[in-house]
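Printed here is run_15.txt (compact mmCIF, C-alpha atoms and all ligand atoms):
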# COMPACT_ATOMS: atom_id res chain seq x y z
CA MET M 1 -14.21 -1.61 -25.19
CA SER M 2 -16.55 1.37 -24.90
CA GLU M 3 -16.27 4.25 -27.39
CA TYR M 4 -14.52 6.24 -24.68
CA SER M 5 -10.91 5.19 -24.38
CA LEU M 6 -7.97 6.53 -22.44
CA VAL M 7 -5.62 5.59 -25.22
CA GLY M 8 -5.07 8.83 -27.14
CA SER M 9 -5.10 8.92 -30.93
CA HIS M 10 -1.38 9.81 -31.11
CA PHE M 11 -0.47 6.83 -28.99
CA ARG M 12 -2.62 4.60 -31.19
CA ASP M 13 -1.06 5.94 -34.40
CA VAL M 14 2.54 5.75 -33.23
CA ASP M 15 2.41 2.41 -31.46
CA PRO M 16 -0.75 0.43 -32.17
CA GLU M 17 0.76 -2.72 -30.68
CA LEU M 18 1.29 -1.14 -27.28
CA ALA M 19 -1.97 0.86 -27.45
CA HIS M 20 -3.80 -2.43 -27.93
CA LEU M 21 -2.18 -3.83 -24.80
CA VAL M 22 -3.36 -0.80 -22.83
CA ASP M 23 -6.87 -1.37 -24.21
CA GLU M 24 -6.67 -4.93 -22.96
CA GLU M 25 -5.57 -3.74 -19.53
CA ILE M 26 -8.47 -1.25 -19.42
CA GLU M 27 -10.77 -4.19 -20.15
CA ARG M 28 -9.10 -6.34 -17.46
CA GLN M 29 -9.24 -3.64 -14.78
CA SER M 30 -12.89 -2.89 -15.45
CA THR M 31 -14.26 -6.43 -15.76
CA SER M 32 -12.51 -8.24 -12.92
CA LEU M 33 -12.44 -7.67 -9.17
CA GLN M 34 -9.37 -5.71 -8.06
CA LEU M 35 -8.75 -6.95 -4.53
CA ILE M 36 -4.99 -6.52 -4.24
CA ALA M 37 -4.58 -4.59 -0.99
CA SER M 38 -1.84 -2.35 -2.37
CA GLU M 39 -3.83 -1.21 -5.41
CA ASN M 40 -6.45 1.43 -6.09
CA PHE M 41 -8.02 3.36 -8.97
CA THR M 42 -6.77 6.94 -9.23
CA SER M 43 -8.98 9.75 -10.42
CA LEU M 44 -8.83 10.89 -14.05
CA ALA M 45 -7.28 14.14 -12.81
CA VAL M 46 -4.40 12.19 -11.27
CA MET M 47 -3.87 10.29 -14.52
CA GLU M 48 -3.96 13.47 -16.57
CA ALA M 49 -1.36 15.12 -14.35
CA THR M 50 0.83 12.04 -14.75
CA ALA M 51 0.54 12.37 -18.52
CA SER M 52 1.34 16.12 -18.53
CA VAL M 53 4.25 18.04 -20.11
CA LEU M 54 5.96 18.09 -16.72
CA THR M 55 7.51 14.79 -17.80
CA ASN M 56 9.79 16.85 -20.08
CA LYS M 57 11.52 18.80 -17.33
CA TYR M 58 14.75 18.09 -15.48
CA SER M 59 14.66 19.49 -11.94
CA GLU M 60 17.45 17.96 -9.86
CA GLY M 61 17.42 19.63 -6.45
CA TYR M 62 14.53 21.18 -4.55
CA PRO M 63 12.29 24.24 -5.05
CA GLY M 64 14.52 27.34 -5.14
CA LYS M 65 17.70 25.21 -5.25
CA ARG M 66 17.79 23.55 -8.67
CA TYR M 67 20.80 22.61 -10.74
CA TYR M 68 19.22 23.45 -14.12
CA GLY M 69 17.39 26.51 -15.39
CA GLY M 70 13.74 26.77 -16.38
CA ASN M 71 12.40 25.53 -13.09
CA SER M 72 10.37 28.50 -11.87
CA ILE M 73 7.06 26.81 -12.68
CA VAL M 74 8.14 23.35 -11.58
CA ASP M 75 9.18 24.94 -8.27
CA LYS M 76 5.58 26.08 -7.79
CA VAL M 77 4.28 22.62 -8.69
CA GLU M 78 6.53 20.84 -6.20
CA THR M 79 5.89 23.47 -3.51
CA LEU M 80 2.14 22.92 -3.89
CA ALA M 81 2.64 19.19 -3.41
CA ILE M 82 4.85 19.75 -0.35
CA GLU M 83 2.50 22.25 1.30
CA ARG M 84 -0.56 20.08 0.71
CA LEU M 85 1.21 17.05 2.11
CA LYS M 86 2.36 18.94 5.21
CA LEU M 87 -1.24 19.97 5.81
CA LEU M 88 -2.50 16.41 5.27
CA PHE M 89 -0.08 14.87 7.80
CA LYS M 90 0.30 17.93 10.09
CA ALA M 91 4.00 17.55 9.35
CA ALA M 92 6.75 20.14 9.71
CA HIS M 93 8.66 18.65 6.78
CA ALA M 94 7.69 16.79 3.62
CA ASN M 95 9.63 15.31 0.70
CA VAL M 96 7.54 14.35 -2.33
CA GLN M 97 10.35 13.12 -4.58
CA PRO M 98 10.73 9.39 -3.75
CA HIS M 99 10.00 7.38 -6.89
CA SER M 100 8.49 4.61 -4.75
CA GLY M 101 7.88 3.41 -1.22
CA ALA M 102 11.08 1.36 -1.33
CA ASN M 103 13.06 4.47 -2.30
CA ALA M 104 11.49 6.46 0.53
CA ASN M 105 12.62 3.80 3.00
CA ALA M 106 16.09 3.63 1.46
CA ALA M 107 16.49 7.40 1.74
CA VAL M 108 15.50 7.39 5.40
CA TYR M 109 17.94 4.58 6.21
CA PHE M 110 20.64 6.40 4.25
CA ALA M 111 19.86 9.64 6.12
CA LEU M 112 19.72 8.28 9.65
CA LEU M 113 21.76 5.06 9.74
CA LYS M 114 25.25 3.88 8.96
CA PRO M 115 25.89 0.55 7.23
CA GLY M 116 26.00 -2.16 9.89
CA ASP M 117 23.66 -0.34 12.28
CA THR M 118 21.09 -2.47 14.05
CA VAL M 119 17.43 -1.96 13.15
CA LEU M 120 14.40 -3.63 14.72
CA ALA M 121 11.57 -4.30 12.26
CA MET M 122 8.66 -6.63 11.67
CA ARG M 123 9.68 -10.00 10.28
CA LEU M 124 8.67 -10.63 6.70
CA ASP M 125 6.90 -13.88 7.50
CA GLN M 126 4.82 -11.98 10.09
CA GLY M 127 3.73 -9.16 7.78
CA GLY M 128 6.81 -6.96 7.28
CA HIS M 129 8.08 -5.62 3.94
CA LEU M 130 11.13 -6.59 1.87
CA THR M 131 12.71 -3.21 2.73
CA HIS M 132 12.45 -4.12 6.41
CA GLY M 133 15.54 -6.28 6.30
CA SER M 134 14.98 -9.12 3.87
CA PRO M 135 18.27 -10.84 3.03
CA VAL M 136 17.53 -10.46 -0.70
CA ASN M 137 16.93 -6.71 -0.29
CA PHE M 138 19.56 -3.94 0.10
CA SER M 139 18.20 -3.31 3.59
CA GLY M 140 19.10 -6.78 4.83
CA GLN M 141 22.52 -6.61 3.23
CA LEU M 142 23.54 -3.13 4.43
CA TYR M 143 22.04 -3.09 7.90
CA ASN M 144 21.75 -5.50 10.77
CA PHE M 145 18.01 -6.14 10.96
CA VAL M 146 16.47 -7.95 13.91
CA GLY M 147 12.84 -9.04 13.56
CA TYR M 148 9.84 -8.88 15.87
CA GLY M 149 6.53 -10.58 15.17
CA VAL M 150 2.97 -11.10 16.28
CA THR M 151 1.51 -12.90 19.29
CA PRO M 152 0.30 -16.50 18.92
CA LYS M 153 -3.04 -17.38 17.34
CA GLY M 154 -6.04 -17.20 19.67
CA VAL M 155 -8.50 -14.70 21.12
CA ASP M 156 -6.97 -11.24 20.58
CA GLY M 157 -3.93 -12.99 19.11
CA GLU M 158 -1.84 -12.35 16.00
CA VAL M 159 -1.30 -8.72 16.94
CA ILE M 160 2.10 -7.06 17.23
CA ASP M 161 3.96 -8.54 20.18
CA PHE M 162 5.12 -5.40 21.98
CA ASP M 163 6.57 -7.42 24.87
CA SER M 164 8.93 -9.19 22.51
CA MET M 165 9.67 -5.88 20.75
CA TYR M 166 10.66 -4.51 24.16
CA ASP M 167 12.86 -7.50 25.00
CA LEU M 168 14.56 -7.40 21.59
CA ALA M 169 15.12 -3.65 21.90
CA LYS M 170 16.71 -4.11 25.34
CA LYS M 171 18.90 -6.88 24.04
CA HIS M 172 20.00 -5.41 20.68
CA ARG M 173 19.86 -1.64 21.38
CA PRO M 174 18.79 -0.78 17.80
CA LYS M 175 19.59 2.56 16.26
CA MET M 176 16.08 2.52 14.77
CA ILE M 177 12.79 0.72 15.25
CA VAL M 178 10.69 0.33 12.11
CA ALA M 179 6.93 0.02 12.56
CA GLY M 180 4.47 -0.60 9.76
CA ALA M 181 3.75 -3.60 7.62
CA THR M 182 2.55 -4.91 4.33
CA ALA M 183 0.29 -7.74 5.49
CA TYR M 184 -1.10 -6.66 8.84
CA SER M 185 -4.72 -5.60 9.29
CA ARG M 186 -4.67 -3.99 12.73
CA ILE M 187 -3.84 -0.47 13.90
CA ILE M 188 -0.26 -0.26 15.15
CA GLU M 189 -0.09 1.85 18.31
CA VAL M 190 2.80 4.23 17.79
CA ASP M 191 2.68 5.13 21.52
CA ARG M 192 4.00 1.69 22.42
CA VAL M 193 6.76 1.87 19.84
CA ARG M 194 7.80 5.36 20.98
CA GLU M 195 7.90 4.23 24.61
CA ILE M 196 10.17 1.30 23.80
CA ALA M 197 12.37 3.42 21.50
CA ASP M 198 12.78 6.09 24.19
CA GLU M 199 13.87 3.52 26.72
CA VAL M 200 16.72 2.31 24.51
CA GLY M 201 17.42 5.60 22.73
CA SER M 202 16.44 4.58 19.22
CA LEU M 203 14.74 6.38 16.36
CA VAL M 204 11.29 5.39 15.09
CA MET M 205 10.45 5.11 11.41
CA PHE M 206 6.82 4.33 10.62
CA ASP M 207 6.27 2.81 7.20
CA ALA M 208 2.69 3.81 6.39
CA ALA M 209 2.81 2.57 2.79
CA HIS M 210 -0.54 0.80 3.07
CA VAL M 211 -2.44 3.00 5.48
CA ALA M 212 -1.47 6.51 4.32
CA GLY M 213 -4.96 7.15 2.93
CA LEU M 214 -6.57 6.05 6.19
CA ILE M 215 -4.23 8.38 8.08
CA ALA M 216 -5.06 11.28 5.75
CA ALA M 217 -8.75 10.63 6.46
CA GLU M 218 -8.06 10.50 10.22
CA ILE M 219 -9.42 6.97 10.49
CA TYR M 220 -6.02 5.58 11.44
CA PRO M 221 -3.96 7.55 14.01
CA ASN M 222 -1.29 9.81 12.51
CA PRO M 223 1.95 8.03 13.47
CA LEU M 224 3.90 11.32 13.66
CA PHE M 225 2.20 11.88 17.02
CA THR M 226 1.28 9.88 20.10
CA THR M 227 -2.28 9.94 21.45
CA ASP M 228 -1.39 12.85 23.77
CA GLY M 229 0.01 14.85 20.85
CA SER M 230 3.72 14.50 21.57
CA LYS M 231 6.26 13.12 19.14
CA GLY M 232 5.42 9.65 17.85
CA ALA M 233 7.50 8.39 14.95
CA ASP M 234 10.48 10.53 14.01
CA VAL M 235 9.87 9.87 10.33
CA VAL M 236 6.93 8.47 8.37
CA THR M 237 7.36 7.02 4.89
CA PHE M 238 4.58 5.90 2.59
CA THR M 239 3.48 5.16 -0.94
CA THR M 240 1.09 7.47 -2.73
CA HIS M 241 -0.63 4.77 -4.80
CA LYS M 242 -2.16 2.42 -2.23
CA THR M 243 -5.04 3.68 -0.02
CA LEU M 244 -3.95 7.27 -0.68
CA ARG M 245 -5.16 6.80 -4.28
CA GLY M 246 -2.52 8.88 -6.03
CA PRO M 247 0.04 8.08 -8.74
CA ARG M 248 2.65 5.35 -8.23
CA GLY M 249 5.30 6.83 -5.95
CA GLY M 250 6.51 7.52 -2.44
CA ALA M 251 6.79 10.36 0.06
CA ILE M 252 8.37 11.13 3.41
CA VAL M 253 7.06 13.31 6.21
CA SER M 254 8.94 14.10 9.40
CA HIS M 255 9.49 16.45 12.27
CA GLU M 256 11.59 19.50 11.42
CA GLU M 257 14.91 18.24 12.81
CA TYR M 258 15.24 15.45 10.20
CA GLY M 259 14.16 17.44 7.16
CA GLN M 260 17.53 18.52 5.86
CA LYS M 261 19.16 15.13 6.37
CA ILE M 262 16.33 13.35 4.56
CA ASP M 263 16.30 15.77 1.64
CA LYS M 264 20.06 15.38 1.18
CA ALA M 265 19.92 11.61 1.48
CA LEU M 266 17.24 11.34 -1.21
CA PHE M 267 18.93 13.82 -3.55
CA PRO M 268 21.85 13.86 -4.29
CA GLY M 269 22.36 10.82 -2.06
CA PHE M 270 20.13 8.26 -3.66
CA GLN M 271 17.98 9.43 -6.57
CA GLY M 272 18.60 11.63 -9.60
CA GLY M 273 16.06 13.99 -11.13
CA PRO M 274 12.55 13.91 -9.67
CA LEU M 275 9.50 12.87 -11.72
CA GLU M 276 7.72 16.23 -11.70
CA ASN M 277 4.74 14.90 -13.65
CA THR M 278 4.26 12.33 -10.90
CA ILE M 279 4.80 15.01 -8.26
CA ALA M 280 2.03 17.07 -9.88
CA ALA M 281 -0.20 14.01 -9.76
CA LYS M 282 0.70 13.55 -6.09
CA ALA M 283 -0.35 17.18 -5.50
CA VAL M 284 -3.73 16.43 -7.12
CA ALA M 285 -4.14 13.32 -4.95
CA PHE M 286 -3.25 15.28 -1.78
CA LEU M 287 -5.86 17.91 -2.69
CA GLU M 288 -8.42 15.16 -3.20
CA ALA M 289 -7.40 13.60 0.12
CA LEU M 290 -7.99 16.92 1.91
CA SER M 291 -11.66 16.93 0.85
CA PRO M 292 -14.53 15.73 3.09
CA SER M 293 -15.57 13.16 0.47
CA PHE M 294 -12.22 11.42 0.85
CA LYS M 295 -12.98 10.84 4.51
CA GLU M 296 -16.32 9.30 3.57
CA TYR M 297 -14.55 7.14 1.01
CA GLN M 298 -12.05 5.81 3.55
CA GLN M 299 -14.83 5.11 6.05
CA LYS M 300 -16.50 2.98 3.38
CA VAL M 301 -13.19 1.24 2.63
CA VAL M 302 -12.92 0.06 6.24
CA GLU M 303 -16.64 -0.75 6.47
CA ASN M 304 -16.29 -2.89 3.34
CA ALA M 305 -13.16 -4.62 4.66
CA LYS M 306 -14.89 -5.48 7.94
CA ALA M 307 -17.90 -6.79 6.01
CA LEU M 308 -15.75 -8.83 3.63
CA ALA M 309 -13.82 -10.32 6.59
CA LYS M 310 -17.11 -11.39 8.23
CA GLU M 311 -18.48 -12.88 5.01
CA LEU M 312 -15.26 -14.78 4.36
CA GLU M 313 -15.45 -16.19 7.88
CA ALA M 314 -19.02 -17.23 7.20
CA GLN M 315 -17.72 -19.10 4.14
CA GLY M 316 -15.31 -21.09 6.32
CA PHE M 317 -12.10 -19.09 6.01
CA ARG M 318 -10.12 -18.10 9.09
CA VAL M 319 -9.28 -14.39 9.10
CA VAL M 320 -5.89 -13.71 10.71
CA SER M 321 -6.32 -11.80 14.01
CA GLY M 322 -10.08 -12.35 13.70
CA GLY M 323 -10.80 -9.29 11.59
CA THR M 324 -9.48 -5.94 10.45
CA ASP M 325 -9.21 -2.25 11.43
CA THR M 326 -8.12 -1.19 7.96
CA HIS M 327 -8.61 -1.85 4.24
CA LEU M 328 -6.74 -5.16 4.44
CA ILE M 329 -7.70 -8.73 5.23
CA LEU M 330 -5.32 -11.63 5.64
CA VAL M 331 -6.98 -15.01 5.18
CA ASP M 332 -5.73 -18.36 6.44
CA LEU M 333 -6.81 -21.01 3.93
CA GLN M 334 -6.07 -23.97 6.18
CA SER M 335 -9.47 -23.98 7.91
CA PHE M 336 -11.22 -23.82 4.52
CA ASP M 337 -9.20 -26.56 2.87
CA ILE M 338 -5.96 -27.89 4.33
CA ASP M 339 -4.75 -29.03 0.89
CA LEU M 340 -5.24 -25.66 -0.77
CA SER M 341 -2.15 -23.47 -0.97
CA GLY M 342 -2.14 -19.71 -1.45
CA LYS M 343 -0.45 -20.15 -4.81
CA GLN M 344 -3.11 -22.51 -6.10
CA ALA M 345 -5.93 -20.36 -4.70
CA GLN M 346 -4.54 -17.24 -6.37
CA GLU M 347 -4.40 -19.04 -9.72
CA VAL M 348 -7.97 -20.35 -9.43
CA LEU M 349 -9.29 -16.91 -8.43
CA ASP M 350 -7.45 -15.31 -11.34
CA ARG M 351 -9.36 -17.59 -13.70
CA ALA M 352 -12.61 -16.49 -12.04
CA GLY M 353 -11.72 -12.80 -12.50
CA ILE M 354 -10.91 -12.25 -8.83
CA THR M 355 -7.52 -10.58 -8.51
CA CYS M 356 -5.76 -10.92 -5.17
CA ASN M 357 -2.38 -12.17 -3.95
CA ARG M 358 -1.14 -15.16 -2.03
CA ASN M 359 0.52 -14.25 1.23
CA GLN M 360 2.27 -15.97 4.07
CA ILE M 361 0.32 -16.05 7.31
CA PRO M 362 2.07 -15.89 10.70
CA GLY M 363 3.62 -19.31 11.34
CA ASP M 364 2.96 -20.42 7.77
CA PRO M 365 3.99 -24.04 7.18
CA ARG M 366 4.49 -23.31 3.45
CA SER M 367 7.24 -21.29 1.75
CA PRO M 368 6.82 -17.59 0.81
CA PHE M 369 6.43 -18.67 -2.82
CA VAL M 370 3.61 -21.14 -2.07
CA THR M 371 2.03 -19.88 1.20
CA SER M 372 -1.17 -20.84 3.02
CA GLY M 373 -2.87 -17.47 2.85
CA LEU M 374 -4.48 -14.86 0.68
CA ARG M 375 -4.45 -11.11 1.13
CA PHE M 376 -7.42 -8.96 0.14
CA GLY M 377 -8.01 -5.20 0.17
CA THR M 378 -11.09 -3.11 -0.45
CA ALA M 379 -9.58 0.24 -1.53
CA ALA M 380 -10.05 -0.19 -5.29
CA MET M 381 -13.51 -1.74 -5.32
CA THR M 382 -14.72 0.92 -2.86
CA THR M 383 -13.46 3.58 -5.27
CA ALA M 384 -15.65 1.85 -7.86
CA ASN M 385 -18.54 2.38 -5.40
CA MET M 386 -19.05 -1.19 -4.25
CA GLY M 387 -20.60 -1.50 -0.80
CA VAL M 388 -21.33 -4.04 1.90
CA ARG M 389 -23.87 -5.90 -0.30
CA GLU M 390 -21.28 -6.48 -2.98
CA MET M 391 -18.73 -7.67 -0.39
CA SER M 392 -21.03 -10.52 0.48
CA LEU M 393 -21.19 -11.48 -3.22
CA VAL M 394 -17.40 -11.25 -3.46
CA ALA M 395 -16.98 -13.67 -0.54
CA GLU M 396 -19.44 -16.05 -2.20
CA TYR M 397 -17.54 -15.93 -5.49
CA VAL M 398 -14.22 -16.51 -3.72
CA ALA M 399 -15.52 -19.51 -1.78
CA ALA M 400 -17.43 -21.00 -4.72
CA SER M 401 -14.43 -20.74 -7.07
CA LEU M 402 -12.12 -22.41 -4.58
CA ARG M 403 -14.59 -25.18 -3.74
CA LYS M 404 -15.26 -25.93 -7.41
CA ARG M 405 -11.69 -25.38 -8.54
CA GLU M 406 -11.60 -28.60 -10.56
CA ASP M 407 -14.76 -27.67 -12.45
CA ASP M 408 -13.86 -25.46 -15.43
CA ARG M 409 -17.47 -24.77 -16.35
CA GLU M 410 -18.29 -23.61 -12.86
CA ILE M 411 -15.24 -21.29 -12.85
CA GLU M 412 -16.37 -19.95 -16.23
CA ARG M 413 -19.88 -19.33 -14.84
CA ILE M 414 -18.45 -17.39 -11.88
CA ARG M 415 -16.18 -15.45 -14.24
CA LYS M 416 -19.31 -14.27 -16.11
CA GLU M 417 -21.04 -13.25 -12.89
CA VAL M 418 -17.96 -11.36 -11.75
CA ARG M 419 -17.85 -9.57 -15.09
CA SER M 420 -21.46 -8.45 -14.91
CA LEU M 421 -21.02 -7.30 -11.31
CA CYS M 422 -17.94 -5.27 -12.25
CA LEU M 423 -19.72 -3.66 -15.21
CA LYS M 424 -22.22 -2.20 -12.73
CA PHE M 425 -19.34 -0.59 -10.79
CA PRO M 426 -17.04 1.01 -13.35
CA PRO M 427 -13.69 2.43 -12.22
CA PRO M 428 -13.32 6.23 -12.40
CA PHE M 429 -11.48 6.07 -15.73
CA LEU M 430 -14.67 4.82 -17.40
CA VAL M 431 -16.98 7.33 -15.73
CA ARG M 432 -17.45 10.51 -17.72
C1 LIG T 1 4.21 -1.38 -0.71
C2 LIG T 1 5.15 -1.20 0.42
C3 LIG T 1 6.41 -0.63 0.25
C4 LIG T 1 7.04 -0.40 -1.10
O1 LIG T 1 6.42 0.40 -1.98
P1 LIG T 1 6.91 0.38 -3.52
O2 LIG T 1 6.27 1.62 -4.06
O3 LIG T 1 6.40 -0.88 -4.11
O4 LIG T 1 8.39 0.46 -3.53
C5 LIG T 1 7.18 -0.39 1.36
N1 LIG T 1 6.75 -0.71 2.59
C6 LIG T 1 5.54 -1.28 2.79
C7 LIG T 1 5.13 -1.60 4.19
C8 LIG T 1 4.71 -1.57 1.72
O5 LIG T 1 3.54 -2.16 1.93

Starting from the file, give its structure as structure tokens.
Amino acid sequence: MSEYSLVGSHFRDVDPELAHLVDEEIERQSTSLQLIASENFTSLAVMEATASVLTNKYSEGYPGKRYYGGNSIVDKVETLAIERLKLLFKAAHANVQPHSGANANAAVYFALLKPGDTVLAMRLDQGGHLTHGSPVNFSGQLYNFVGYGVTPKGVDGEVIDFDSMYDLAKKHRPKMIVAGATAYSRIIEVDRVREIADEVGSLVMFDAAHVAGLIAAEIYPNPLFTTDGSKGADVVTFTTHKTLRGPRGGAIVSHEEYGQKIDKALFPGFQGGPLENTIAAKAVAFLEALSPSFKEYQQKVVENAKALAKELEAQGFRVVSGGTDTHLILVDLQSFDIDLSGKQAQEVLDRAGITCNRNQIPGDPRSPFVTSGLRFGTAAMTTANMGVREMSLVAEYVAASLRKREDDREIERIRKEVRSLCLKFPPPFLVR
């Protein structure tokens, strides 16, 4: 690796074995294409905050209401994070303690539902998340989830089917409707969800795990509000490490009336002591997200995603819903090669230095473990300053690797090209 390394000398002295693995991961992240839609490269400032002495402090409770002493400074740290987040989402209430997106969702369910309550959410095989009622997840075991999906394939198809959401809401009278997804590339109109929820008297939780950064940059509508500025979702959960480009973690914003319930449900209800080093890093990320350059960054993320979708189509792939409004692209491999599964494609691309994940597409004939699709995202490579020109190269590399998947030498040749492309676009941790 370069002479500059993020592995500190103490780390290297104490645990050379592990330090070497981190070196290898630095090499991997900087010489292959990071196209996993839920990943990004944080700034060095975010990483330094994560590695700060705040990791030594126990701070169960909330600013001004802690169980242990010595929290006067930590209180200021967490308050900064909260205030910045409230500003970013124009929210009356914010909780920055969830250790992850899954924990944020769990806390909201715990705050606003009782076990056995009915919840309407997007089906997993249509783009929803495990915490939206999967039978292997706590959500599916504790609550009665009913799933909505997307409209059939075709012009303007494969978008959320609000008519069926309405019918299901009428039929099942859910206590809560969950909007938001993990493999859906289009803007979800919170107005429609609010309208349906109001008609059946249910709450709305918007899981903005993927799109939080786009919301912060005002490229994606803030789901706390409808287009006319009235109440949209009651509660919005998200992760801080996807498009928002902060440390790994979660957060919750809401209207004032749910604040207390949510805080109590998260702690002492669900989690123990907060990770104040991570919370400090979240505060750094929120500050970065408040800057004008973050808006420009997110505009480029979407521009790159739209370009990559077009180029992939030109290479013979079918893009689910015909394109994207966000950082995310869901590709149907069947038009490219009916025999190629998502699992096999992911493995081939890995060998070529192209990191992405297999994903079910709506109506997928293959199992969730095998799949017929791939999911791509442009957040990380845009952070590394790649633009529309590079997206066209990326699509070429993807298509060439998959076409020549039996040819080891060809895959090796593409791997070299990918490496030299990536070296021209170093992630922030390699930029001094
Ligand atoms: C990523 C994601 C989550 C979970 O986030 P973790 O931090 O991995 O727990 C929850 N919901 C959606 C929609 C997601 O995409």

Output the neighbourhood of ligand LIG 1 (chain T) as a PDB file with C-alpha atoms, in the coordinates of the input, that is, all protein and nucleic acid residues with some atom at most 8 Å from the ligand, counting only C-alpha atoms and all ligand atoms.
ATOM      1  CA  SER M  38      -1.840  -2.350  -2.370  1.00  0.00           C
ATOM      2  CA  HIS M  99      10.000   7.380  -6.890  1.00  0.00           C
ATOM      3  CA  SER M 100       8.490   4.610  -4.750  1.00  0.00           C
ATOM      4  CA  GLY M 101       7.880   3.410  -1.220  1.00  0.00           C
ATOM      5  CA  ALA M 102      11.080   1.360  -1.330  1.00  0.00           C
ATOM      6  CA  ASN M 103      13.060   4.470  -2.300  1.00  0.00           C
ATOM      7  CA  ALA M 104      11.490   6.460   0.530  1.00  0.00           C
ATOM      8  CA  ASN M 105      12.620   3.800   3.000  1.00  0.00           C
ATOM      9  CA  GLY M 128       6.810  -6.960   7.280  1.00  0.00           C
ATOM     10  CA  HIS M 129       8.080  -5.620   3.940  1.00  0.00           C
ATOM     11  CA  LEU M 130      11.130  -6.590   1.870  1.00  0.00           C
ATOM     12  CA  THR M 131      12.710  -3.210   2.730  1.00  0.00           C
ATOM     13  CA  HIS M 132      12.450  -4.120   6.410  1.00  0.00           C
ATOM     14  CA  GLY M 180       4.470  -0.600   9.760  1.00  0.00           C
ATOM     15  CA  ALA M 181       3.750  -3.600   7.620  1.00  0.00           C
ATOM     16  CA  THR M 182       2.550  -4.910   4.330  1.00  0.00           C
ATOM     17  CA  ALA M 183       0.290  -7.740   5.490  1.00  0.00           C
ATOM     18  CA  ASP M 207       6.270   2.810   7.200  1.00  0.00           C
ATOM     19  CA  ALA M 208       2.690   3.810   6.390  1.00  0.00           C
ATOM     20  CA  ALA M 209       2.810   2.570   2.790  1.00  0.00           C
ATOM     21  CA  HIS M 210      -0.540   0.800   3.070  1.00  0.00           C
ATOM     22  CA  PHE M 238       4.580   5.900   2.590  1.00  0.00           C
ATOM     23  CA  THR M 239       3.480   5.160  -0.940  1.00  0.00           C
ATOM     24  CA  THR M 240       1.090   7.470  -2.730  1.00  0.00           C
ATOM     25  CA  HIS M 241      -0.630   4.770  -4.800  1.00  0.00           C
ATOM     26  CA  LYS M 242      -2.160   2.420  -2.230  1.00  0.00           C
ATOM     27  CA  ARG M 248       2.650   5.350  -8.230  1.00  0.00           C
ATOM     28  CA  GLY M 249       5.300   6.830  -5.950  1.00  0.00           C
ATOM     29  CA  GLY M 250       6.510   7.520  -2.440  1.00  0.00           C
TER      30      GLY M 250
END

For Ala179 of chain M, list every protein, DNA or RNA residue within 9 Å, evaluated using all atoms listed in the file, and leave out those in the same chain fewer than 2 positions away; present the list as a compact mmCIF listing (two decimals) with C-alpha atoms, keeping the file's coordinate frame.
# COMPACT_ATOMS: atom_id res chain seq x y z
CA LEU M 120 14.40 -3.63 14.72
CA ALA M 121 11.57 -4.30 12.26
CA MET M 122 8.66 -6.63 11.67
CA GLY M 128 6.81 -6.96 7.28
CA ILE M 177 12.79 0.72 15.25
CA ALA M 181 3.75 -3.60 7.62
CA ILE M 188 -0.26 -0.26 15.15
CA VAL M 190 2.80 4.23 17.79
CA VAL M 193 6.76 1.87 19.84
CA VAL M 204 11.29 5.39 15.09
CA MET M 205 10.45 5.11 11.41
CA PHE M 206 6.82 4.33 10.62
CA ASP M 207 6.27 2.81 7.20
CA ALA M 208 2.69 3.81 6.39
CA ALA M 233 7.50 8.39 14.95

Between atom CA of Glu218 of chain M and atom CA of Leu88 of chain M, what is the distance in Å, rounded to a tenth?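 Computed distance, atom CA of Glu218 of chain M to atom CA of Leu88 of chain M, equals 9.5 Å.
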
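Proximity to Pro427 of chain M was assessed for M:Thr382, M:Glu276, M:Gly322, M:Asp337 counting only C-alpha atoms; the smallest distance is recorded for M:Thr382.
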
Would you mind listing what lies within 9 Å of Ala91 of chain M as a PyMOL selection string, with only C-alpha atoms counted and same-chain residues fewer than 6 positions away left out? chain M and resi 85+224+253-256

Tell me, as a list in words, which residues lie within 6 Å of Ile252 of chain M, counting all atoms listed in the file; anything in the same chain fewer than 6 positions away does not count. Ala94, Asn95, Val236 and Thr237 of chain M

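Closest approach to Glu83 of chain M from the set M:Val96, M:Met386, M:Ala45, M:Val53 is made by M:Val96, with distances taken over only C-alpha atoms.
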
Determine, counting all atoms listed in the file, which protein, DNA and RNA residues have an atom within 10 Å of an atom of Gly323 of chain M; residues of the same chain fewer than 5 positions away are not included. Present the result as an NGL selection string. :M and (156 or 185-186 or 305-310 or 313 or 318 or 328-331)

As a list in words, please: the residues near Ala111 of chain M (cut-off 8 Å, all atoms listed in the file, same-chain neighbours under 2 positions excluded). Ala107, Val108, Tyr109, Leu113, Lys261, Ile262, Lys264, Ala265 and Leu266 of chain M

Every residue with an atom at most 10 Å from (1.3, -15.3, -1.5) (file coordinates; all atoms listed in the file) is what I'm after, so could you write them as JSON, numbers by chain? {"M": [341, 342, 343, 344, 345, 346, 356, 357, 358, 359, 360, 361, 366, 367, 368, 369, 370, 371, 372, 373, 374, 375]}

Would you mind telling me which residue in M:Pro426, M:Gly213, M:Pro247, M:Pro292 lies nearest to Val46 of chain M when using only C-alpha atoms?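 Ranked by minimum distance to Val46 of chain M, first place goes to M:Pro247.
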
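Coordinates place atom CA of Val348 of chain M at a distance of 20.8 Å from atom CA of Pro365 of chain M.
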
Residue nearest Asp234 of chain M among M:Lys295, M:Arg194, M:His20, M:Lys300 (counting all atoms listed in the file):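 Counting all atoms listed in the file, the residue closest to Asp234 of chain M is M:Arg194.
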